[in-house]
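Reading through the structure tokens given below for one structure.
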Amino acid sequence: MATKLLSLTCIRKERFSERYPLVRKHLTRSRGGGAGDGSSSETAAFEIEEEISRAIFQVLGMTCSACAGSVEKAIKRVSGIHEAVIDALNNRAQILFYPNLVDVETIRETIEDAGFEASLIENEANERSRQVCRIRISGMTCTSCSSTIERVLQSVNGVQRAHVALAIEEAEIHYDPRLLSYDRLLEEIENAGFEAVLISTGEDVSKIDLKIDGEFTDESMEIIERSLEALPGVQSVEISHGTDKISVLYRPDVTGPRNFIQVIESTVFGHSGHIKATIFSEGGVGRESQKQGEVKQYYRSFLWSLVFTVPVFLTAMVFMYIPGIKDLLMFKVINMLTVGEIIRWVLATPVQFVIGWRFYTGAYKALRRGSANMDVLIALGTNAAYFYSLYTVLRAATSPDFKGVDFFETSAMLISFIILGKYLEVLAKGKTSQAIAKLMNLAPETAILLSLDEEGNASSEEEIDGRLIQKNDVIKIVPGAKVASDGYVIWGQSHVNESMITGEARPVAKRKGDTVIGGTLNENGVLHVKVTRVGSESALAQIVRLVESAQLAKAPVQKLADRISKFFVPLVIFLSFSTWLSWFLAGKLHWYPESWIPSSMDSFELALQFGISVMVIACPCALGLATPTAVMVGTGVGASQGVLIKGGQALEKAHKISCIVFDKTGTLTMGKPVVVETKLLKNMVLREFYELVAATEVNSEHPLAKAIVEYGKKFRDDEENPAWPEARDFVSVTGNGVKAIVKGREIMVGNKSLMTSHGVIIPVDAEELLVDAEDLAQTGILVSINSELIGVLSVSDPLKPSAREAISILKSMNIKSIMVTGDNWGTANSIAGEVGIDSVIAEAKPEQKAEKVKELQAAGHVVAMVGDGINDSPALVAADVGMAIGAGTDIAIEAADIVLMKSNLEDVITAIDLSRKTFSRIRLNYVWALGYNLMGIPIAAGVLFPWTRFRLPPWIAGAAMAASSVSVVCCSLLLKNYKRPKKLDHLEIREIQVERV
């Protein structure tokens, strides 16, 4: 299955100059220098050969050669383009470029900026010149922060692509390791004013950290280092001097952590005392620990802010209306300075400069790198309120007749509400990533390791840490325990619940030879499993990686938020200043009656309140969270139901699907042929007949042969793996069948061509049976013994139980279904008639499937291709949305946009329905985010004040701003309640009933 799925993106590596004639001409000219400089010219040419890469794009919207010319001109204007060839007829663009100067994403955006839709089909950049690392980033407050980090990273020479996800606070960076290291990337992020922690790099896929306990010296650590480096499969060993941590980079198919621990403990024992090695715990470095720490930090800050802010609020808003207390607060200490003002000043100061210090540092870092973010708005707004209040306090203390109003409660309450909003936001954002946390927690902490004797029987067992499992280990899975790692059963029978991985509701029977997935639950029997995949190679790890990558990928609709964020904060500052200035001038010039001014204020203070309210209500946080939080929850929900959606782009395209192209074998059908009927033309015992036929076919690898052998086992039910009679002189005739000598008789099993070529006469009744089989979408197989036709077998690849209903539901969703298959027309029409598909294309080659997809796209359809990944790769890539069905445990697939793990057709409907629900949630999030600003800014600016005397105090504006972010995240969290369409439930019940029968 891995070979099937990975064939979607497997790129054949051939000699560069043979594949790219344009470049070969260029290289030939380079070699044609003057005499004596041939060597240097060849060297330069070789360097160019290494640097040039090719990318092929699908470009939609081109109607003529003028369109192709426009695309070519736009591309060639980009720095780093070597050659561009545009094929308007086939909607293709082949680009030769220098990856050190430009990346494929820039080229794609250039094509789209020219007015056409572009998607990458193939990228043959030298794999050695690309490394991918993921970095956790702390300190981002809004989408302008993430955009700034992206710009900083993309400006670094050697970075090919950088995606920064605000919602999960991570960055995925593609870079050239020949030009820079990940240390440089960490340094650039930190120089931009953020904290950066490396999560993983391409080379850290098989890396483990070990902790050393006991007495050790520098000499003993050097011995350990040399001993580990000597092990086969170990690539590097890094010892953190002065600590007890050792990092080992290794190949998991050769060695593993148990070997490292054994070497460490045996190498040093007796040299400097007993030493014990264990797997190093990540402690607080993990995402969940960091998130919990951030939640606690905001919670503590909010509690402390309440301690100071509540008294400030009471003295300013409540106590001033209580006789007795009011007199005390209004008591003048120095000149016009009152007790109330002193109390508010003293209590507001720690809120402004201690609890609110994070906003100062954030604003400083943003301004230092030439950008503006939420911290800048908050710092400006609170400082305006605080320092104006400080001015009134100093004037009151030095003047006998000054009358002014302080705004200490504004700055203190503003900071408190914003911190409360951040606390609720972080709390809610943590819940959006629960899907990954649940997946990561599926792996059991311990495992039972078996030791086998020479005969393969278990001689002893030992309970070990689950992280110490290595490839080719044999582990014991008891009833009720989780499977510790991927592998296959070598002994025992049981049922395994795989719903936590695949979303499959019913337990799956397992016996000798069947594969099991790490993290699934063994229900009744005992299993002995041989481990085939560990660590990052396991299905569970690949699912987690795929979901994480999906959450890092940006949906095209998110570009709107990114564009807005570039100028949003400066625009808000301008609007805020303009609001203050307008109201201030209007007051000074008496453009409005003095009765509009509250008795406790003057025109300046009124204008200041309006300006501060505008500044704090218009925060871009909600805008930046609108798309990624919905994508995070949507992809997490999909993963829990066995539908892996690869990011926002797949979500955005899937909700527009209007036509689906289905492959037949393995998609609409089960993909496992079975014998459905046997007709004997001579008197013979069926058991003896199948003994001869199975003995012949057991030597063949053909799917039909395996179906016949499997059916023959039913007549030998006393044995699980019966020993068939010996077949001598076995011959496989490609495309026709097989023949062999069994028990002294010549047996031939195959089609009409095989029989006629060996002189076997086919009677009329056998011909009729073959015609009947074809009408029923079955394959007729003839069997002759000693050149006499004895029987006719009918083999069928049965339809999936839910196929017809699934196609019917798609019709009700106004989605057109088409079947494209390489099978013959008779079988194709029969299958299509059974499932209710009207449009059929049979005997189609892989490239013809892709051509059909392009025809549908040209007709205006958004096309999805559903296939099993064997011969469907061109169509899967050409389609707007490629769906790989029947992924099983092999999740590491790049070409498909959506992976359907259960092989059920109803999951196609689930994927489309989930994408529609998610995208509608994204739209709703934008309504929330933009609605707050579009309605809040005018109100905060005082538009309603002339008619209603209603004004929005700054602290309420701050609460509204915080509420906008929280409401967007909570709106996304509602997706966690997603239930697939009810009409799919009865399909699953029917599948269970059919399986039981």
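Identifiers for the structure tokens are assigned positionally: chains receive A, B, ... in sequence, residues are indexed from 1 per chain, and ligands are indexed from 1 in the order shown.
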Env of Asn100 of chain A: 9 Å cut, atoms = only C-alpha atoms, seq-sep filter 6 positions within chain, self excluded. Answer as a ChimeraX atom specification. /A:51-52,80,157-160,176
Using the chain letters and numbers from this document, which residues of segment 708-927 of chain A does DSSP assign to strand (DSSP E), as a ChimeraX atom specification? /A:727-733,737-742,745-750,778-785,788-796,816-820,839-841,863-867,881-885,898-900
For Thr734 of chain A: contacts at 12 Å, only C-alpha atoms, fewer than 2 positions along chain excluded, given as a PyMOL selection string: chain A and resi 700-702+731-732+736-739+750-751+753-754
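Each of A:Lys979, A:Leu347, A:Asp486, A:Leu810 was checked against Glu906 of chain A using only C-alpha atoms; the smallest atom-to-atom distance is that of A:Leu810.
In this comparison, which uses only C-alpha atoms, the residue of A:Ala443, A:Val496, A:Ile343, A:Leu608 approaching Ala384 of chain A most closely is A:Leu608.
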